[in-house]
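Text of my_file39.txt (compact mmCIF, C-alpha atoms) as supplied:
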# COMPACT_ATOMS: atom_id res chain seq x y z
CA MET A 1 22.16 -51.75 8.65
CA GLN A 2 18.43 -52.08 9.31
CA PHE A 3 15.92 -49.75 7.62
CA HIS A 4 12.54 -48.82 9.07
CA LEU A 5 9.49 -48.28 6.88
CA TYR A 6 9.45 -44.48 7.41
CA GLN A 7 13.03 -44.23 6.17
CA ILE A 8 12.18 -46.04 2.97
CA VAL A 9 9.02 -43.96 2.38
CA ILE A 10 10.76 -40.62 3.00
CA THR A 11 13.66 -41.58 0.75
CA ILE A 12 11.35 -42.64 -2.10
CA VAL A 13 9.19 -39.50 -1.81
CA SER A 14 12.28 -37.25 -1.64
CA ALA A 15 13.87 -38.94 -4.64
CA TYR A 16 10.64 -38.52 -6.60
CA MET A 17 10.33 -34.81 -5.71
CA ILE A 18 13.94 -34.10 -6.67
CA PHE A 19 13.56 -36.08 -9.88
CA GLN A 20 10.39 -34.14 -10.79
CA GLY A 21 12.10 -30.82 -10.11
CA ILE A 22 15.13 -31.65 -12.23
CA ARG A 23 12.95 -32.99 -15.05
CA ASN A 24 10.81 -29.83 -15.08
CA TYR A 25 13.92 -27.67 -15.05
CA LEU A 26 15.54 -29.57 -17.91
CA LYS A 27 12.30 -29.43 -19.91
CA GLY A 28 12.36 -25.65 -19.41
CA LYS A 29 8.91 -25.47 -17.84
CA THR A 30 7.71 -21.96 -16.99
CA GLY A 31 8.67 -20.77 -13.52
CA GLN A 32 11.41 -23.36 -13.01
CA THR A 33 14.54 -21.54 -11.99
CA ILE A 34 17.92 -22.74 -10.77
CA THR A 35 17.15 -21.24 -7.32
CA LYS A 36 13.96 -23.25 -7.06
CA ILE A 37 15.66 -26.49 -8.05
CA LEU A 38 18.46 -25.86 -5.53
CA ILE A 39 15.91 -25.21 -2.75
CA ARG A 40 14.11 -28.40 -3.70
CA ILE A 41 17.33 -30.41 -3.58
CA VAL A 42 18.34 -28.92 -0.21
CA VAL A 43 14.90 -29.48 1.42
CA TRP A 44 14.05 -32.94 0.08
CA GLY A 45 17.68 -34.06 -0.04
CA GLY A 46 18.12 -32.98 3.58
CA MET A 47 15.05 -34.91 4.64
CA ALA A 48 16.22 -38.03 2.83
CA THR A 49 19.71 -37.76 4.30
CA VAL A 50 18.43 -37.36 7.87
CA ALA A 51 15.97 -40.25 7.39
CA THR A 52 18.61 -42.55 5.91
CA PHE A 53 21.46 -41.59 8.25
CA PRO A 54 19.83 -40.47 11.54
CA LYS A 55 23.22 -40.25 13.26
CA ILE A 56 24.14 -37.32 11.05
CA THR A 57 21.88 -35.23 13.31
CA ASN A 58 24.54 -35.55 16.07
CA VAL A 59 26.96 -33.72 13.78
CA LEU A 60 24.30 -31.05 13.14
CA ALA A 61 23.67 -30.73 16.91
CA SER A 62 27.36 -30.25 17.67
CA VAL A 63 27.71 -27.69 14.84
CA ILE A 64 24.68 -25.67 16.04
CA GLY A 65 25.67 -26.11 19.69
CA LEU A 66 22.51 -27.80 20.93
CA GLU A 67 22.58 -30.87 23.13
CA GLY A 68 19.70 -32.84 21.66
CA ASN A 69 20.02 -33.92 18.04
CA ILE A 70 16.23 -33.78 17.50
CA ASN A 71 16.16 -30.19 18.81
CA ALA A 72 18.88 -29.31 16.33
CA VAL A 73 16.90 -30.82 13.45
CA ILE A 74 13.71 -28.99 14.49
CA MET A 75 15.58 -25.71 14.84
CA ALA A 76 17.27 -26.07 11.47
CA GLY A 77 13.86 -26.92 9.97
CA PHE A 78 12.27 -23.80 11.46
CA LEU A 79 15.12 -21.68 10.19
CA LEU A 80 14.73 -23.07 6.71
CA ILE A 81 10.95 -22.59 6.73
CA PHE A 82 11.39 -19.02 7.97
CA LEU A 83 13.83 -18.27 5.16
CA ILE A 84 11.48 -19.76 2.57
CA ILE A 85 8.51 -17.76 3.92
CA PHE A 86 10.59 -14.59 3.92
CA LYS A 87 11.59 -15.21 0.32
CA LEU A 88 7.99 -15.95 -0.65
CA LEU A 89 6.65 -12.80 1.02
CA SER A 90 9.35 -10.72 -0.67
CA ALA A 91 8.41 -12.20 -4.03
CA ILE A 92 4.70 -11.48 -3.42
CA GLU A 93 5.56 -7.92 -2.39
CA ARG A 94 7.55 -7.41 -5.57
CA LEU A 95 4.73 -8.83 -7.68
CA GLU A 96 2.16 -6.60 -5.94
CA ARG A 97 4.31 -3.56 -6.68
CA ASP A 98 4.73 -4.57 -10.32
CA ILE A 99 0.97 -5.12 -10.68
CA SER A 100 0.32 -1.63 -9.29
CA ILE A 101 2.83 -0.09 -11.69
CA LEU A 102 1.26 -1.89 -14.65
CA THR A 103 -2.26 -0.96 -13.55
CA ARG A 104 -1.22 2.69 -13.20
CA LYS A 105 0.47 2.70 -16.59
CA ASP A 106 -2.65 1.26 -18.21
CA THR A 107 -4.87 3.82 -16.45
CA LEU A 108 -2.68 6.75 -17.45
CA GLU A 109 -2.70 5.61 -21.08
CA ASN A 110 -6.46 6.14 -20.95
CA LEU A 111 -5.81 9.66 -19.66
CA ASP A 112 -3.81 10.35 -22.81
CA LYS A 113 -6.70 9.07 -24.94
CA ASN A 114 -9.24 11.23 -23.08
CA ASN A 115 -7.17 14.37 -23.55
CA MET B 1 4.44 36.78 -14.41
CA LYS B 2 1.60 34.53 -13.38
CA ASN B 3 -0.54 35.60 -10.45
CA PRO B 4 -0.12 33.09 -7.57
CA GLU B 5 -3.89 33.02 -7.20
CA ASP B 6 -4.17 31.62 -10.74
CA LYS B 7 -2.25 28.47 -9.95
CA LYS B 8 -3.66 25.36 -11.55
CA ILE B 9 -5.24 23.41 -8.70
CA PHE B 10 -6.19 19.77 -9.25
CA ILE B 11 -8.42 17.78 -6.93
CA VAL B 12 -7.65 14.04 -6.84
CA ILE B 13 -10.30 11.68 -5.51
CA PRO B 14 -9.67 7.97 -5.02
CA ALA B 15 -12.95 6.07 -4.97
CA LEU B 16 -13.94 2.51 -4.24
CA ASN B 17 -17.57 1.45 -4.44
CA GLU B 18 -18.91 4.97 -3.92
CA GLU B 19 -21.69 4.92 -6.55
CA LYS B 20 -24.24 6.25 -4.05
CA VAL B 21 -22.36 9.46 -3.27
CA ILE B 22 -19.73 10.07 -5.93
CA GLN B 23 -21.84 12.40 -8.10
CA GLU B 24 -22.93 14.46 -5.10
CA THR B 25 -19.31 14.70 -3.92
CA LEU B 26 -18.11 15.84 -7.36
CA ASP B 27 -20.92 18.38 -7.76
CA GLU B 28 -20.12 19.81 -4.35
CA ILE B 29 -16.47 20.29 -5.31
CA LYS B 30 -17.44 21.91 -8.60
CA ASN B 31 -19.87 24.21 -6.82
CA ALA B 32 -17.05 25.24 -4.49
CA GLY B 33 -15.27 26.62 -7.58
CA TYR B 34 -12.83 23.88 -8.57
CA SER B 35 -12.89 22.71 -12.16
CA ASN B 36 -9.88 20.41 -12.42
CA ILE B 37 -11.07 17.19 -10.81
CA ILE B 38 -9.64 13.71 -11.28
CA VAL B 39 -11.49 10.66 -10.00
CA VAL B 40 -9.62 7.37 -9.80
CA ASP B 41 -11.98 4.45 -9.46
CA ASP B 42 -9.93 1.75 -7.78
CA GLY B 43 -11.49 -1.28 -9.43
CA SER B 44 -14.95 -0.83 -7.92
CA SER B 45 -17.45 -3.64 -8.28
CA ASP B 46 -20.33 -1.15 -8.55
CA GLN B 47 -21.09 1.74 -10.95
CA THR B 48 -18.69 4.29 -9.40
CA TYR B 49 -16.75 4.80 -12.63
CA ALA B 50 -19.87 5.15 -14.80
CA LYS B 51 -21.42 7.59 -12.33
CA ALA B 52 -18.27 9.70 -12.18
CA LYS B 53 -18.07 9.77 -15.98
CA GLU B 54 -21.59 11.18 -16.15
CA VAL B 55 -20.44 14.31 -14.31
CA GLU B 56 -19.30 16.93 -16.80
CA ASN B 57 -15.76 18.32 -16.81
CA VAL B 58 -14.41 15.61 -14.54
CA THR B 59 -11.50 13.39 -15.58
CA SER B 60 -12.52 9.86 -14.70
CA LEU B 61 -9.90 7.14 -14.57
CA ARG B 62 -10.20 3.54 -13.59
CA HIS B 63 -7.87 0.88 -12.20
CA LYS B 64 -8.88 -2.36 -13.88
CA ILE B 65 -8.26 -4.18 -10.61
CA ASN B 66 -8.31 -2.98 -7.02
CA ARG B 67 -4.87 -1.79 -5.89
CA GLY B 68 -5.66 0.12 -2.72
CA LYS B 69 -6.22 3.70 -1.68
CA GLY B 70 -2.52 4.60 -1.79
CA ALA B 71 -2.13 3.27 -5.32
CA ALA B 72 -5.25 5.13 -6.48
CA VAL B 73 -4.06 8.42 -4.97
CA LYS B 74 -0.67 7.97 -6.59
CA THR B 75 -2.30 7.34 -9.98
CA GLY B 76 -4.39 10.48 -9.53
CA ILE B 77 -1.34 12.55 -8.60
CA GLU B 78 0.58 11.22 -11.61
CA ALA B 79 -2.38 12.12 -13.84
CA ALA B 80 -2.53 15.62 -12.35
CA LYS B 81 1.19 16.05 -13.01
CA LEU B 82 0.68 15.03 -16.64
CA LEU B 83 -2.06 17.66 -16.85
CA GLU B 84 0.42 20.26 -15.57
CA ALA B 85 -1.01 20.72 -12.10
CA GLU B 86 0.73 23.26 -9.88
CA ILE B 87 -1.09 22.33 -6.68
CA ILE B 88 -2.66 18.94 -6.00
CA VAL B 89 -5.30 18.32 -3.36
CA THR B 90 -6.32 14.79 -2.38
CA MET B 91 -9.63 14.10 -0.69
CA ASP B 92 -11.90 11.12 -0.04
CA GLY B 93 -14.67 10.11 -2.40
CA ASP B 94 -17.32 9.45 0.22
CA GLY B 95 -18.21 13.09 0.84
CA GLN B 96 -16.67 13.20 4.32
CA HIS B 97 -14.48 16.15 3.45
CA ASP B 98 -15.92 19.61 3.01
CA PRO B 99 -14.73 21.24 -0.26
CA ARG B 100 -14.92 24.64 1.47
CA ASP B 101 -11.77 23.56 3.37
CA ILE B 102 -9.76 23.25 0.15
CA GLN B 103 -8.99 26.97 0.16
CA LYS B 104 -7.51 26.69 3.66
CA LEU B 105 -5.28 23.87 2.50
CA VAL B 106 -3.99 25.48 -0.69
CA GLU B 107 -3.52 28.99 0.69
CA PRO B 108 -0.13 28.33 2.41
CA ILE B 109 1.11 26.69 -0.82
CA ILE B 110 -0.09 29.57 -3.00
CA GLN B 111 1.78 31.94 -0.69
CA ASP B 112 4.84 29.68 -1.02
CA LYS B 113 5.00 29.14 2.73
CA LYS B 114 4.49 25.36 2.65
CA ASP B 115 5.15 22.41 0.35
CA VAL B 116 2.60 20.11 1.94
CA VAL B 117 -0.48 20.99 3.97
CA LEU B 118 -2.17 18.23 5.95
CA GLY B 119 -5.81 18.51 6.86
CA THR B 120 -6.20 17.47 10.48
CA ARG B 121 -9.36 16.20 12.13
CA LEU B 122 -7.88 16.18 15.59
CA GLN B 123 -7.54 19.92 16.03
CA ASN B 124 -11.30 20.08 15.79
CA PRO B 125 -12.52 16.57 16.71
CA LYS B 126 -16.12 17.57 17.33
CA GLY B 127 -18.40 14.76 16.19
CA MET B 128 -15.51 12.35 15.66
CA PRO B 129 -16.28 8.98 17.27
CA PHE B 130 -14.07 8.10 20.24
CA TYR B 131 -12.70 4.91 18.69
CA LYS B 132 -11.62 6.88 15.61
CA ARG B 133 -9.83 9.40 17.79
CA LEU B 134 -8.10 6.59 19.66
CA HIS B 135 -7.17 4.88 16.42
CA ASN B 136 -5.66 8.12 15.17
CA TYR B 137 -3.63 8.76 18.31
CA ILE B 138 -2.17 5.26 18.09
CA ALA B 139 -1.46 5.67 14.36
CA ASN B 140 0.19 9.04 15.01
CA GLY B 141 2.44 7.47 17.66
CA ILE B 142 3.45 4.62 15.38
CA THR B 143 4.05 6.99 12.44
CA TRP B 144 6.22 9.18 14.66
CA TYR B 145 8.18 6.18 15.95
CA LEU B 146 8.74 4.62 12.52
CA PHE B 147 9.06 7.69 10.32
CA GLY B 148 10.33 10.36 12.68
CA LEU B 149 7.72 13.11 12.33
CA TRP B 150 4.94 14.01 14.73
CA VAL B 151 1.71 15.13 13.12
CA THR B 152 -1.71 15.38 14.71
CA ASP B 153 -3.51 13.36 12.03
CA SER B 154 -1.28 10.96 10.15
CA GLN B 155 -4.24 9.14 8.57
CA SER B 156 -6.08 12.07 7.02
CA GLY B 157 -6.60 11.76 3.29
CA PHE B 158 -7.36 15.48 2.87
CA ARG B 159 -4.03 17.01 1.89
CA ALA B 160 -2.52 19.53 -0.48
CA TYR B 161 0.83 19.29 -2.25
CA SER B 162 2.86 21.81 -4.16
CA ARG B 163 4.16 20.65 -7.52
CA ARG B 164 7.63 20.40 -6.03
CA ALA B 165 6.38 18.13 -3.24
CA ALA B 166 4.39 15.99 -5.69
CA ASP B 167 7.53 15.54 -7.79
CA LEU B 168 9.68 14.59 -4.80
CA ILE B 169 7.33 12.33 -2.88
CA ASN B 170 7.70 8.80 -4.19
CA THR B 171 5.54 6.37 -2.24
CA GLN B 172 5.64 2.60 -2.60
CA HIS B 173 2.76 1.55 -0.36
CA ASP B 174 -0.49 0.75 -2.09
CA ARG B 175 -2.99 0.71 0.75
CA TYR B 176 -3.84 2.75 3.82
CA GLU B 177 -0.19 2.84 4.99
CA TYR B 178 0.32 5.28 2.12
CA ASP B 179 -0.87 8.12 4.39
CA SER B 180 1.92 7.47 6.89
CA GLU B 181 4.47 6.95 4.14
CA VAL B 182 3.84 10.48 2.90
CA ILE B 183 4.84 11.70 6.38
CA ARG B 184 8.13 9.80 6.02
CA GLU B 185 8.75 11.41 2.63
CA ILE B 186 8.11 14.86 4.11
CA TYR B 187 10.71 14.06 6.77
CA ILE B 188 13.26 12.65 4.31
CA TYR B 189 13.04 15.53 1.82
CA LYS B 190 12.70 18.13 4.59
CA LEU B 191 9.60 19.56 2.95
CA LYS B 192 7.92 22.53 4.56
CA TYR B 193 4.66 21.23 5.96
CA GLY B 194 1.79 22.58 7.95
CA GLU B 195 -1.45 21.36 9.44
CA VAL B 196 -4.85 22.94 8.99
CA PRO B 197 -7.98 21.96 10.92
CA ILE B 198 -10.61 20.46 8.67
CA LYS B 199 -14.22 19.56 9.14
CA VAL B 200 -15.22 15.95 8.68
CA ARG B 201 -18.81 14.90 8.16
CA TYR B 202 -19.45 11.49 9.65
CA THR B 203 -22.56 10.39 7.83
CA GLU B 204 -24.41 7.13 8.26
CA TYR B 205 -23.14 6.18 4.81
CA SER B 206 -19.47 6.77 5.61
CA MET B 207 -19.70 5.04 8.98
CA ASN B 208 -21.20 1.89 7.50
CA LYS B 209 -18.82 1.49 4.58
CA GLU B 210 -17.30 -1.96 4.22
CA ASN B 211 -13.87 -0.71 3.20
CA LYS B 212 -13.44 1.89 5.95
CA GLN B 213 -10.37 1.90 8.17
CA ASN B 214 -11.11 -0.08 11.35
CA LEU B 215 -9.13 -1.80 14.09
CA PHE B 216 -8.53 -4.95 12.06
CA ASN B 217 -7.46 -2.97 8.99
CA GLY B 218 -5.33 -0.81 11.29
CA ILE B 219 -3.43 -3.88 12.48
CA LYS B 220 -2.97 -5.00 8.88
CA THR B 221 -1.70 -1.52 8.00
CA LEU B 222 0.80 -1.66 10.87
CA TYR B 223 1.96 -5.10 9.78
CA ARG B 224 2.55 -3.86 6.23
CA MET B 225 4.44 -0.80 7.46
CA LEU B 226 6.74 -3.00 9.59
CA TRP B 227 7.17 -5.54 6.81
CA LYS B 228 8.22 -2.83 4.38
CA ILE B 229 10.84 -1.65 6.85
CA ILE B 230 12.40 -5.09 7.47
CA ASN B 231 12.09 -6.15 3.84

This entry written out as structure tokens:
Amino acid sequence: MQFHLYQIVITIVSAYMIFQGIRNYLKGKTGQTITKILIRIVVWGGMATVATFPKITNVLASVIGLEGNINAVIMAGFLLIFLIIFKLLSAIERLERDISILTRKDTLENLDKNN
Amino acid sequence: MKNPEDKKIFIVIPALNEEKVIQETLDEIKNAGYSNIIVVDDGSSDQTYAKAKEVENVTSLRHKINRGKGAAVKTGIEAAKLLEAEIIVTMDGDGQHDPRDIQKLVEPIIQDKKDVVLGTRLQNPKGMPFYKRLHNYIANGITWYLFGLWVTDSQSGFRAYSRRAADLINTQHDRYEYDSEVIREIYIYKLKYGEVPIKVRYTEYSMNKENKQNLFNGIKTLYRMLWKIIN
């Protein structure tokens, strides 16, 4: 089995990213959740798998129902990115709402002091 | 039994960077006979809060950071509720709204005929720039399509609420989409609402404000309304 340079680079980078994520999680760094580590493993692990075993994309193509394996990879990638963006926007929305609630609470405490 | 005319009316004014006009606006409201006034400075970068505080018998509140017009109005309404308001009127802080119209807005609530009264610019659009009229028609159409209620001015900030309506309406939007969200709440809770023509004074100051509602902001508002629905 012959490896190209890009396959080696992608695999090394992916392994490093997954390693970093797991290390941060185990160290209990702030903001590291099990969901985040799972997303990291799926994204970087998926890239490494496709780079190392390109033929696996044929399986993906037949599962999705597309003829071209590259099209299937691109489509799956878009879907994943869309889901991540959706999750990010939802999280930002939730944070915005929480900030407004906190700001309001703080402001109304001053009302109590004034009266 | 309390005379309906003696109902405790609170005027809520959200303000962002209005240092040039806020005192004049507040004095005008006081001169019109209203003494319960709450100003919510929405994290202004100028002296709006300090200027409002200088005006006697006005409750001045401040958001430490900017949260948007909707958030500021909601804070003001919550404050009015804590101060036992029976009728709450919201109006802009840039002096566009004429305090003499407040009586027209609160009258149907005092008489217990309405829960919410919306001031509408489009029943008397004299002096209103064409692009603003167009913007309003589009906003009204979108509000009707998304929230199910047709009103002639879905973006007007000059409104009056009964205490019951203020207790029921629970908005989540922080920015300009708040105005349309109130329409949805009226529809959901089947509140009795009416529209009253109001006069709007388009001054050079109000037309040149940086944070005014324009086409770009309108598109952002629409995006946020749609996002809230799918999210």

Got a sec to pull out which chain A residues are within 10 Å of chain B, counting only C-alpha atoms, and send them as a PyMOL selection string? chain A and resi 86-87+89-90+93+96-97+99-112+114-115

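The neighbours of Tyr6 of chain A here are the residues that come within 10 Å of it, using all atoms listed in the file and leaving out any residue fewer than 4 positions away in the same chain; they are Ile10, Thr11, Ile12, Ala51 and Thr52 of chain A.
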
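Atom CA of Leu118 of chain B lies 7.5 Å from atom CA of Tyr193 of chain B.
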
If we count only C-alpha atoms, what is near Tyr189 of chain B at a cut-off of 10 Å, once residues fewer than 3 positions away on the same chain are taken out, given as a compact mmCIF listing (two decimals) with C-alpha atoms, in the coordinates of the input?
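Output file result_8.txt follows:
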# COMPACT_ATOMS: atom_id res chain seq x y z
CA ALA B 165 6.38 18.13 -3.24
CA LEU B 168 9.68 14.59 -4.80
CA ILE B 169 7.33 12.33 -2.88
CA ARG B 184 8.13 9.80 6.02
CA GLU B 185 8.75 11.41 2.63
CA ILE B 186 8.11 14.86 4.11
CA LYS B 192 7.92 22.53 4.56

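Atom CA of Gly218 of chain B is positioned 9.7 Å from atom CA of Asn136 of chain B.
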
Of the listed residues A:Ile41, A:Ile64, A:Met75, A:Met47, that which approaches Phe19 of chain A most closely, counting all atoms listed in the file: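 Between A:Ile41, A:Ile64, A:Met75, A:Met47, the residue approaching Phe19 of chain A most closely is A:Ile41.
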
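Of the listed residues A:Ile56, A:Val43, A:Leu95, A:Leu26, the one whose atoms come nearest to Leu83 of chain A is A:Val43, with distances taken using only C-alpha atoms.
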
Between atom CA of Ile219 of chain B and atom CA of Asp153 of chain B, what is the spacing in Å?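 We find that atom CA of Asp153 of chain B and atom CA of Ile219 of chain B lie 17.2 Å from each other.
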
Judged by all atoms listed in the file, the minimum distance to Asp94 of chain B among B:Glu204, B:Glu18, B:Glu195, B:Glu177 is found for B:Glu18

Close residues, Asn71 of chain A itself excluded, 12 Å, all atoms listed in the file, min 6 positions apart in chain, as a PDB file with C-alpha atoms, keeping the file's coordinate frame:
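Full text of result.pdb as output:
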ATOM      1  CA  THR A  57      21.880 -35.230  13.310  1.00  0.00           C
ATOM      2  CA  ASN A  58      24.540 -35.550  16.070  1.00  0.00           C
ATOM      3  CA  LEU A  60      24.300 -31.050  13.140  1.00  0.00           C
ATOM      4  CA  ALA A  61      23.670 -30.730  16.910  1.00  0.00           C
ATOM      5  CA  SER A  62      27.360 -30.250  17.670  1.00  0.00           C
ATOM      6  CA  ILE A  64      24.680 -25.670  16.040  1.00  0.00           C
ATOM      7  CA  GLY A  65      25.670 -26.110  19.690  1.00  0.00           C
ATOM      8  CA  GLY A  77      13.860 -26.920   9.970  1.00  0.00           C
ATOM      9  CA  PHE A  78      12.270 -23.800  11.460  1.00  0.00           C
TER      10      PHE A  78
END

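Non-sequential neighbours of Val42 of chain A (distance at most 12 Å, separation of 2 or more positions within a chain, all atoms listed in the file) are A:Ser14, A:Ala15, A:Met17, A:Ile18, A:Gly21, A:Thr35, A:Lys36, A:Ile37, A:Leu38, A:Ile39, A:Arg40, A:Trp44, A:Gly45, A:Gly46, A:Met47, A:Ala48, A:Thr49, A:Val50, A:Gly77, A:Leu80, A:Ile81, A:Ile84.
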
If you take every atom of segment 192-207 of chain B that the file lists and fit an axis-aligned box around them with 4 Å extra on each side, what centre and edge lengths come out in Å to one decimal, as lines of an AutoDock Vina configuration file?
center_x = -8.2
center_y = 14.0
center_z = 7.7
size_x = 40.3
size_y = 25.9
size_z = 14.4

Which residue is closest to Gly157 of chain B? Choose from B:Ser35, B:Thr120, B:Asn57, B:Gln111 and count only C-alpha atoms. B:Thr120

Minimum-distance residue to Pro14 of chain B, chosen among B:Tyr187, B:Phe158, B:Tyr205, B:Trp144 (using only C-alpha atoms):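 Closest to Pro14 of chain B of all the choices is B:Phe158.
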
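Residue nearest Gly127 of chain B, chosen from B:Ala15, B:Leu222, B:Val200, B:Ile29 and counting only C-alpha atoms: B:Val200.
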